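Colleague: Below is the file structure-v2.txt, with compact mmCIF, C-alpha atoms and all ligand atoms.
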# COMPACT_ATOMS: atom_id res chain seq x y z
CA MET A 175 -82.66 41.74 44.60
CA GLY A 176 -81.44 38.57 46.36
CA GLU A 177 -80.35 38.50 49.98
CA SER A 178 -76.78 37.29 49.81
CA ILE A 179 -73.99 39.37 48.35
CA THR A 180 -71.74 37.57 45.88
CA LEU A 181 -67.98 38.07 46.26
CA LEU A 182 -66.31 38.22 42.85
CA SER A 183 -63.16 36.30 42.05
CA ARG A 184 -60.01 38.00 40.73
CA ARG A 185 -60.90 36.73 37.29
CA GLU A 186 -64.38 38.22 37.49
CA ILE A 187 -63.05 41.52 38.80
CA GLU A 188 -60.67 41.66 35.83
CA LYS A 189 -63.70 41.32 33.52
CA MET A 190 -65.51 44.04 35.47
CA ARG A 191 -62.41 46.22 35.09
CA GLU A 192 -62.54 45.83 31.31
CA ALA A 193 -66.27 46.58 31.16
CA GLY A 194 -65.81 49.52 33.52
CA ARG A 195 -63.01 50.97 31.41
CA LEU A 196 -65.23 50.73 28.33
CA ALA A 197 -68.11 52.48 30.13
CA CYS A 198 -65.80 55.32 31.18
CA GLN A 199 -64.46 55.66 27.64
CA LEU A 200 -68.01 55.83 26.31
CA LEU A 201 -68.79 58.82 28.55
CA ASP A 202 -65.48 60.41 27.48
CA TYR A 203 -66.61 59.94 23.86
CA LEU A 204 -70.06 61.47 24.48
CA GLU A 205 -68.92 64.43 26.59
CA PRO A 206 -67.83 66.75 23.71
CA LEU A 207 -71.07 65.97 21.84
CA VAL A 208 -73.12 67.53 24.64
CA LYS A 209 -73.89 70.99 23.24
CA PRO A 210 -76.92 73.22 22.67
CA GLY A 211 -78.85 72.01 19.59
CA VAL A 212 -78.01 68.32 19.92
CA THR A 213 -80.91 65.95 20.70
CA THR A 214 -80.83 63.27 23.36
CA GLN A 215 -81.61 60.81 20.54
CA ASP A 216 -78.39 61.91 18.79
CA LEU A 217 -76.47 61.07 21.97
CA ASN A 218 -78.24 57.71 22.22
CA ASP A 219 -77.45 56.81 18.62
CA GLU A 220 -73.79 57.77 18.98
CA ALA A 221 -73.56 55.68 22.15
CA GLU A 222 -75.18 52.65 20.53
CA ARG A 223 -72.92 52.83 17.46
CA TRP A 224 -69.76 53.31 19.58
CA THR A 225 -70.70 50.42 21.88
CA ARG A 226 -71.43 47.93 19.06
CA ALA A 227 -68.22 48.88 17.26
CA ARG A 228 -66.36 47.64 20.35
CA GLY A 229 -68.12 44.29 20.48
CA ALA A 230 -70.24 45.30 23.47
CA LYS A 231 -74.01 45.60 24.07
CA SER A 232 -76.09 48.33 25.69
CA ALA A 233 -77.60 46.84 28.84
CA PRO A 234 -80.45 49.39 29.14
CA LEU A 235 -81.92 48.54 25.71
CA GLY A 236 -84.86 46.22 26.38
CA TYR A 237 -84.04 45.97 30.09
CA GLU A 238 -86.96 45.04 32.32
CA ILE A 239 -86.98 45.80 36.01
CA PRO A 240 -87.97 42.63 37.93
CA ASN A 241 -91.43 43.98 38.95
CA GLY A 242 -92.27 44.08 35.25
CA LYS A 243 -92.82 47.41 33.56
CA CYS A 244 -92.35 48.02 29.87
CA PRO A 245 -88.79 47.30 28.74
CA PHE A 246 -86.51 50.35 28.57
CA PRO A 247 -86.66 51.51 24.94
CA ALA A 248 -83.18 53.04 24.49
CA SER A 249 -79.45 52.40 24.83
CA ILE A 250 -78.63 55.02 27.46
CA CYS A 251 -80.47 57.12 30.01
CA THR A 252 -80.49 60.87 29.43
CA SER A 253 -81.86 62.80 32.41
CA VAL A 254 -82.20 66.54 31.80
CA ASN A 255 -82.76 69.20 34.51
CA GLU A 256 -85.68 68.05 36.74
CA VAL A 257 -85.34 64.43 35.59
CA ILE A 258 -83.82 62.43 38.45
CA CYS A 259 -83.00 59.28 36.48
CA HIS A 260 -84.08 56.92 33.67
CA GLY A 261 -84.82 59.69 31.18
CA ILE A 262 -85.58 58.27 27.72
CA PRO A 263 -83.71 59.79 24.77
CA SER A 264 -85.96 61.46 22.20
CA PRO A 265 -85.51 63.11 18.80
CA ASN A 266 -87.82 65.87 20.09
CA GLN A 267 -85.62 66.77 23.03
CA VAL A 268 -83.11 69.41 21.95
CA LEU A 269 -80.51 70.45 24.53
CA GLN A 270 -80.66 74.14 25.44
CA ASP A 271 -77.98 76.47 26.75
CA GLY A 272 -78.23 76.30 30.55
CA ASP A 273 -79.45 72.69 30.81
CA ILE A 274 -77.79 70.03 32.91
CA ILE A 275 -77.88 66.45 31.61
CA ASN A 276 -76.95 63.19 33.27
CA ILE A 277 -75.86 60.51 30.83
CA ASP A 278 -75.93 57.01 32.32
CA VAL A 279 -74.29 54.23 30.28
CA THR A 280 -73.98 50.50 30.92
CA PRO A 281 -72.14 48.55 28.24
CA ILE A 282 -71.95 44.77 28.63
CA LEU A 283 -68.52 43.48 27.60
CA ASN A 284 -67.83 39.73 27.63
CA GLY A 285 -70.89 39.29 29.82
CA TYR A 286 -69.96 41.88 32.47
CA HIS A 287 -71.49 45.30 33.12
CA GLY A 288 -69.76 48.67 33.47
CA ASP A 289 -72.26 51.12 34.98
CA THR A 290 -71.36 54.81 35.21
CA SER A 291 -72.88 58.24 34.79
CA ARG A 292 -71.93 61.89 34.92
CA THR A 293 -73.88 65.13 34.81
CA PHE A 294 -72.69 67.50 32.10
CA LEU A 295 -73.27 71.23 31.72
CA VAL A 296 -74.86 72.43 28.47
CA GLY A 297 -73.46 75.87 27.69
CA GLU A 298 -73.63 77.96 30.85
CA PRO A 299 -76.10 76.83 33.51
CA SER A 300 -76.97 79.09 36.47
CA PRO A 301 -74.57 79.27 39.43
CA LYS A 302 -77.13 77.28 41.48
CA ALA A 303 -77.22 74.50 38.89
CA ARG A 304 -73.44 74.36 38.74
CA LYS A 305 -73.26 74.22 42.52
CA LEU A 306 -75.69 71.28 42.57
CA VAL A 307 -73.63 69.41 40.00
CA GLN A 308 -70.39 70.11 41.87
CA VAL A 309 -71.77 69.04 45.25
CA THR A 310 -73.21 65.86 43.73
CA GLU A 311 -69.83 64.89 42.28
CA GLU A 312 -68.24 65.61 45.67
CA CYS A 313 -70.86 63.37 47.31
CA LEU A 314 -69.75 60.46 45.12
CA LYS A 315 -66.05 61.11 45.89
CA LEU A 316 -66.69 61.30 49.64
CA ALA A 317 -68.76 58.11 49.50
CA ILE A 318 -66.03 56.20 47.67
CA ALA A 319 -63.53 57.35 50.30
CA GLU A 320 -65.56 55.41 52.90
CA VAL A 321 -65.15 52.08 51.09
CA ARG A 322 -62.82 49.48 52.66
CA PRO A 323 -63.25 46.04 54.18
CA GLY A 324 -65.05 46.34 57.52
CA ALA A 325 -66.76 49.65 56.69
CA ARG A 326 -70.55 49.58 56.48
CA LEU A 327 -73.10 50.58 53.86
CA GLY A 328 -74.39 53.19 56.33
CA ASP A 329 -71.00 54.93 56.23
CA ILE A 330 -71.46 55.48 52.49
CA GLY A 331 -75.00 56.82 52.87
CA ALA A 332 -74.09 59.03 55.81
CA ALA A 333 -71.18 60.64 53.95
CA ILE A 334 -73.42 61.51 50.99
CA GLN A 335 -76.33 62.72 53.09
CA HIS A 336 -74.16 64.91 55.30
CA HIS A 337 -72.46 66.64 52.38
CA ALA A 338 -75.65 67.16 50.33
CA GLU A 339 -77.74 68.42 53.24
CA SER A 340 -75.01 70.72 54.52
CA HIS A 341 -75.35 72.53 51.18
CA GLY A 342 -79.15 72.71 51.50
CA PHE A 343 -79.79 69.94 48.96
CA SER A 344 -81.75 66.69 49.43
CA VAL A 345 -80.90 63.04 48.76
CA VAL A 346 -83.20 60.88 46.63
CA ARG A 347 -84.34 57.84 48.65
CA ASP A 348 -86.35 55.87 46.12
CA PHE A 349 -83.44 54.91 43.85
CA VAL A 350 -80.29 53.27 45.19
CA GLY A 351 -76.94 51.90 44.11
CA HIS A 352 -76.69 48.17 43.51
CA GLY A 353 -74.49 45.15 43.19
CA VAL A 354 -73.38 44.66 39.58
CA SER A 355 -71.53 41.87 37.77
CA HIS A 356 -72.82 39.58 35.01
CA ILE A 357 -76.15 40.75 36.49
CA PHE A 358 -77.13 44.41 35.98
CA HIS A 359 -78.89 44.92 39.33
CA THR A 360 -78.27 42.58 42.26
CA ALA A 361 -77.59 42.66 46.02
CA PRO A 362 -76.66 44.75 47.90
CA GLN A 363 -78.90 47.79 47.66
CA VAL A 364 -76.76 50.85 48.36
CA PRO A 365 -78.77 53.74 49.83
CA HIS A 366 -77.36 57.24 49.43
CA PHE A 367 -78.50 58.23 52.94
CA GLY A 368 -78.06 56.50 56.25
CA VAL A 369 -76.40 56.23 59.60
CA ARG A 370 -72.68 55.71 60.12
CA GLY A 371 -71.90 52.28 61.62
CA LYS A 372 -75.19 50.75 60.43
CA GLY A 373 -75.92 48.49 57.49
CA LYS A 374 -74.11 45.53 55.98
CA LYS A 375 -70.36 45.20 56.43
CA LEU A 376 -68.21 45.56 53.30
CA ARG A 377 -65.91 42.71 52.31
CA ALA A 378 -63.19 42.39 49.69
CA GLY A 379 -64.67 41.08 46.44
CA MET A 380 -67.95 42.99 46.69
CA VAL A 381 -68.66 45.01 43.55
CA PHE A 382 -71.41 47.61 43.50
CA THR A 383 -72.38 51.03 42.24
CA ILE A 384 -72.64 54.25 44.18
CA GLU A 385 -74.86 56.68 42.30
CA PRO A 386 -76.16 59.56 44.41
CA MET A 387 -79.05 61.57 42.99
CA ILE A 388 -79.11 64.97 44.70
CA ASN A 389 -81.98 67.46 44.39
CA GLU A 390 -82.19 71.22 44.68
CA GLY A 391 -85.58 70.96 46.46
CA THR A 392 -87.66 68.01 47.62
CA HIS A 393 -86.24 64.47 47.45
CA GLU A 394 -89.62 63.13 46.32
CA HIS A 395 -90.24 61.96 42.77
CA ILE A 396 -93.08 61.46 40.31
CA LEU A 397 -92.97 58.70 37.71
CA LEU A 398 -94.08 59.80 34.23
CA ASP A 399 -96.60 57.81 32.19
CA ASP A 400 -93.80 56.26 30.10
CA GLY A 401 -93.17 54.05 33.16
CA TRP A 402 -89.51 55.09 33.47
CA THR A 403 -88.81 58.81 33.67
CA ALA A 404 -88.53 59.92 37.30
CA ILE A 405 -88.81 63.69 37.84
CA THR A 406 -88.65 65.82 40.97
CA LYS A 407 -92.07 66.45 42.52
CA ASP A 408 -91.36 70.21 42.66
CA ARG A 409 -89.76 70.27 39.17
CA LYS A 410 -86.51 71.62 40.62
CA LEU A 411 -83.14 70.37 39.42
CA SER A 412 -81.58 66.97 40.10
CA ALA A 413 -78.01 65.82 39.43
CA GLN A 414 -76.28 62.42 39.59
CA PHE A 415 -72.85 60.83 39.31
CA GLU A 416 -72.21 57.07 39.33
CA HIS A 417 -69.21 54.78 39.56
CA THR A 418 -68.90 51.00 39.70
CA ILE A 419 -66.45 50.11 42.48
CA ALA A 420 -64.83 46.99 43.89
CA VAL A 421 -64.01 46.53 47.57
CA THR A 422 -60.40 45.32 47.67
CA GLN A 423 -58.15 43.97 50.37
CA PHE A 424 -56.59 47.42 50.65
CA GLY A 425 -59.65 49.62 50.22
CA VAL A 426 -61.40 50.41 46.98
CA GLU A 427 -60.85 50.27 43.24
CA ILE A 428 -62.97 52.48 40.99
CA LEU A 429 -63.68 50.28 37.97
CA THR A 430 -65.18 53.12 35.92
CA ARG A 431 -62.54 55.71 36.77
CA ARG A 432 -61.34 58.15 34.15
CA GLU A 433 -57.74 57.42 33.25
CA ASP A 434 -55.42 60.40 33.32
N1 LIG B 1 -77.85 52.53 34.62
C1 LIG B 1 -78.95 52.67 35.55
C2 LIG B 1 -78.36 52.39 36.90
O1 LIG B 1 -77.46 53.08 37.25
C3 LIG B 1 -80.06 51.72 35.29
C4 LIG B 1 -80.80 52.02 34.09
S1 LIG B 1 -82.03 50.86 33.94
C5 LIG B 1 -82.68 51.28 32.47
O2 LIG B 1 -78.68 51.51 37.61
F1 LIG B 1 -83.43 50.31 32.12
F2 LIG B 1 -83.31 52.43 32.62
F3 LIG B 1 -81.72 51.45 31.63
CO CO B 2 -76.17 53.63 35.71
CO CO B 3 -76.40 51.75 38.45
How does the structure come out when it is put into structure tokens?
Ligand code: MF3
Ligand code: CO
Ligand code: CO

Modeller:
Amino acid sequence: MGESITLLSRREIEKMREAGRLACQLLDYLEPLVKPGVTTQDLNDEAERWTRARGAKSAPLGYEIPNGKCPFPASICTSVNEVICHGIPSPNQVLQDGDIINIDVTPILNGYHGDTSRTFLVGEPSPKARKLVQVTEECLKLAIAEVRPGARLGDIGAAIQHHAESHGFSVVRDFVGHGVSHIFHTAPQVPHFGVRGKGKKLRAGMVFTIEPMINEGTHEHILLDDGWTAITKDRKLSAQFEHTIAVTQFGVEILTRRED
């Protein structure tokens, strides 16, 4: 990730708005398909078909992280239960009643990325699992409420960390939010923990993701041999929600917000 943070023009933000809307609509499309018996490959294939039909591309497919691992082999990330992030869809992975699954989508529309994820309940997960999912979504909401010109990245991290830890959960440190535009992952890095008043100052025109990953137990992860799948070290549950946001003159615009 480069040092300097690009400020997007109004024209670029309009393109990000269109990509963001598409990403949100893709999750809306997938949500009712999440049921016991469906495979994560089924979800992947539906996402790929839906995305292409709208003249967009799936950014994850073939994506290589700068430090050079194997390219990501699928169109979306499907992270079930103890998987923190970057789960790879598989025809052998059948969703079970009681699972939680994060689906992370990033369509590229007219060159710009819309990056968003939600954690869905499969059937009826345990009260503890539902609490984790609820608190994680609240963490994202509270973080977004911090965003305005002059606020700092540390304000975002502190809001997430305080809420998660006050419920006895932990915040993943090894994966962060990121600047996003015509580039999938760029500056700034957006930690989901931190100290209020510290970190880079936010300015109108910055566009980045906030994507807290919150764990039931330890925040530490293990990387599986596939080079991508990150799971909790203690195999306890992990949940995540993600939005792409723009810092505006007045505060914040959620580019991947669900329209109601
Ligand atoms: N969408 C993920 C994010 O929020 C990145 C996935 S990278 C991939 O940043 F290669 F795994 F798709
Ligand atoms: Co994402
Ligand atoms: Co992201």

Colleague: Identify, on the basis of only C-alpha atoms, every residue whose closest approach to range 403-414 of chain A does not exceed 7 Å; exclude the query and any residue fewer than 2 positions from it along the same chain; express the result as a PDB file with C-alpha atoms, in the frame of the given file.

Modeller:
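In the end it all went to result-v3.pdb:
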ATOM      1  CA  ASN A 255     -82.760  69.200  34.510  1.00  0.00           C
ATOM      2  CA  GLU A 256     -85.680  68.050  36.740  1.00  0.00           C
ATOM      3  CA  VAL A 257     -85.340  64.430  35.590  1.00  0.00           C
ATOM      4  CA  ILE A 258     -83.820  62.430  38.450  1.00  0.00           C
ATOM      5  CA  CYS A 259     -83.000  59.280  36.480  1.00  0.00           C
ATOM      6  CA  HIS A 260     -84.080  56.920  33.670  1.00  0.00           C
ATOM      7  CA  GLY A 261     -84.820  59.690  31.180  1.00  0.00           C
ATOM      8  CA  ILE A 262     -85.580  58.270  27.720  1.00  0.00           C
ATOM      9  CA  ASN A 276     -76.950  63.190  33.270  1.00  0.00           C
ATOM     10  CA  ARG A 292     -71.930  61.890  34.920  1.00  0.00           C
ATOM     11  CA  THR A 293     -73.880  65.130  34.810  1.00  0.00           C
ATOM     12  CA  LEU A 306     -75.690  71.280  42.570  1.00  0.00           C
ATOM     13  CA  VAL A 307     -73.630  69.410  40.000  1.00  0.00           C
ATOM     14  CA  THR A 310     -73.210  65.860  43.730  1.00  0.00           C
ATOM     15  CA  GLU A 385     -74.860  56.680  42.300  1.00  0.00           C
ATOM     16  CA  PRO A 386     -76.160  59.560  44.410  1.00  0.00           C
ATOM     17  CA  MET A 387     -79.050  61.570  42.990  1.00  0.00           C
ATOM     18  CA  ILE A 388     -79.110  64.970  44.700  1.00  0.00           C
ATOM     19  CA  ASN A 389     -81.980  67.460  44.390  1.00  0.00           C
ATOM     20  CA  GLU A 390     -82.190  71.220  44.680  1.00  0.00           C
ATOM     21  CA  GLY A 391     -85.580  70.960  46.460  1.00  0.00           C
ATOM     22  CA  THR A 392     -87.660  68.010  47.620  1.00  0.00           C
ATOM     23  CA  GLU A 394     -89.620  63.130  46.320  1.00  0.00           C
ATOM     24  CA  HIS A 395     -90.240  61.960  42.770  1.00  0.00           C
ATOM     25  CA  ILE A 396     -93.080  61.460  40.310  1.00  0.00           C
ATOM     26  CA  LEU A 397     -92.970  58.700  37.710  1.00  0.00           C
ATOM     27  CA  LEU A 398     -94.080  59.800  34.230  1.00  0.00           C
ATOM     28  CA  ASP A 400     -93.800  56.260  30.100  1.00  0.00           C
ATOM     29  CA  GLY A 401     -93.170  54.050  33.160  1.00  0.00           C
ATOM     30  CA  GLU A 416     -72.210  57.070  39.330  1.00  0.00           C
TER      31      GLU A 416
END

Colleague: Show me as a list of chain:residue names the residues that reach within 12 Å of (-72.6, 39.5, 32.1), counting all atoms listed in the file and using the file's own coordinates.

Modeller: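 Within the cut-off we find A:Glu186, A:Ile187, A:Lys189, A:Met190, A:Glu192, A:Ala193, A:Ala230, A:Lys231, A:Ser232, A:Ala233, A:Thr280, A:Pro281, A:Ile282, A:Leu283, A:Asn284, A:Gly285, A:Tyr286, A:His287, A:Gly288, A:Asp289, A:Val354, A:Ser355, A:His356, A:Ile357, A:Phe358, A:His359.
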
Colleague: Find the spatial neighbours of Thr180 in chain A, counting all atoms listed in the file, within a cut-off of 12 Å - ignore same-chain residues fewer than 3 positions away - and output them as a list in words.

Modeller: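 Within the cut-off, the hits are Met175, Gly176, Glu177, Ser183, Glu186, Ile187, His352, Gly353, Val354, Ser355, His356, Ile357, Thr360, Ala361, Pro362, Leu376, Arg377, Ala378, Gly379, Met380, Val381, Phe382, Ala420 and Val421 of chain A.
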
Colleague: Within 9 Å of Asp216 in chain A, counting only C-alpha atoms, which residues qualify if same-chain residues fewer than 4 places away don't, as a list in words?

Modeller: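 Answer for this query is Leu207, Val212, Glu220, Ala221, Pro263, Ser264 and Pro265 of chain A.
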
Colleague: Let me make sure I understand: among A:Ala197, A:Leu429, A:Cys244, A:Leu269, which one has the smallest atom-to-atom distance to Thr213 in chain A if we use all atoms listed in the file?

Modeller: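 Of A:Ala197, A:Leu429, A:Cys244, A:Leu269, the one nearest Thr213 in chain A, counting all atoms listed in the file, is A:Leu269.
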
Colleague: What does the distance from CA of Val426 in chain A to CA of Gly373 in chain A come to in Å, to one decimal?

Modeller: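 Going from CA of Val426 in chain A over to CA of Gly373 in chain A, I get 18.0 Å.
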
Colleague: Dump the neighbourhood of ligand CO 2 (chain B) as a ChimeraX atom specification: all residues within 6 Å, distances computed on all atoms listed in the file.

Modeller: /A:278-279,289-291

Colleague: For the selection just defined, write its residues with C-alpha atoms to a file, as a PDB file, in the coordinates of the input.

Modeller:
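Saved the output as selection20.pdb:
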ATOM      1  CA  ASP A 278     -75.930  57.010  32.320  1.00  0.00           C
ATOM      2  CA  VAL A 279     -74.290  54.230  30.280  1.00  0.00           C
ATOM      3  CA  ASP A 289     -72.260  51.120  34.980  1.00  0.00           C
ATOM      4  CA  THR A 290     -71.360  54.810  35.210  1.00  0.00           C
ATOM      5  CA  SER A 291     -72.880  58.240  34.790  1.00  0.00           C
TER       6      SER A 291
END

Colleague: Determine the nearest neighbour of ligand LIG 1 (chain B) from the options A:Ala227, A:Cys251, A:Leu196, A:Ile179, counting all atoms listed in the file.

Modeller: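 Nearest to ligand LIG 1 (chain B): A:Cys251.
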
Colleague: A:Leu204, A:Ile250, A:Ala325, A:Val309: which is nearest ligand CO 3 (chain B), counting only C-alpha atoms and all ligand atoms?

Modeller: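 Using only C-alpha atoms and all ligand atoms, the shortest distance to ligand CO 3 (chain B) belongs to A:Ile250.
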
Colleague: May I ask which of the residues A:Thr225, A:Ser340, A:Gln270, A:Gln363 is the closest one to ligand CO 3 (chain B), counting all atoms listed in the file?

Modeller: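 The answer is A:Gln363, which sits nearest to ligand CO 3 (chain B).
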
Colleague: Distance CA of Ile330 in chain A-CA of Glu238 in chain A, one decimal place?

Modeller: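 Between CA of Ile330 in chain A and CA of Glu238 in chain A the gap is 27.5 Å.
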
Colleague: Do you know which residues are at most 10 Å from Glu205 in chain A counting all atoms listed in the file, after dropping those on the same chain fewer than 3 positions away, and could you put them as a PDB file with C-alpha atoms, in the frame of the given file?

Modeller:
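Contents of the output file result02.pdb:
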ATOM      1  CA  GLN A 199     -64.460  55.660  27.640  1.00  0.00           C
ATOM      2  CA  LEU A 200     -68.010  55.830  26.310  1.00  0.00           C
ATOM      3  CA  LEU A 201     -68.790  58.820  28.550  1.00  0.00           C
ATOM      4  CA  ASP A 202     -65.480  60.410  27.480  1.00  0.00           C
ATOM      5  CA  VAL A 208     -73.120  67.530  24.640  1.00  0.00           C
ATOM      6  CA  LYS A 209     -73.890  70.990  23.240  1.00  0.00           C
ATOM      7  CA  LEU A 217     -76.470  61.070  21.970  1.00  0.00           C
ATOM      8  CA  ILE A 277     -75.860  60.510  30.830  1.00  0.00           C
ATOM      9  CA  ARG A 292     -71.930  61.890  34.920  1.00  0.00           C
ATOM     10  CA  THR A 293     -73.880  65.130  34.810  1.00  0.00           C
ATOM     11  CA  PHE A 294     -72.690  67.500  32.100  1.00  0.00           C
ATOM     12  CA  LEU A 295     -73.270  71.230  31.720  1.00  0.00           C
TER      13      LEU A 295
END

Colleague: Restricting the calculation to only C-alpha atoms: of A:Ser253, A:Asp329, A:Phe415, A:Pro299, which residue gets closest to Lys315 in chain A?

Modeller: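 Under the stated criterion, the closest residue is A:Phe415.
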
Colleague: One number please: CA of Leu182 in chain A to CA of Ile419 in chain A, in Å, one decimal.

Modeller: 11.9 Å

Colleague: Let me have the centre and edge lengths of the axis-aligned box enclosing all listed atoms of range 363-367 of chain A with 4 Å padding on every side, in Å to one decimal, as JSON.

Modeller:
{"center_x": -77.8, "center_y": 53.0, "center_z": 50.3, "size_x": 10.1, "size_y": 18.4, "size_z": 13.3}
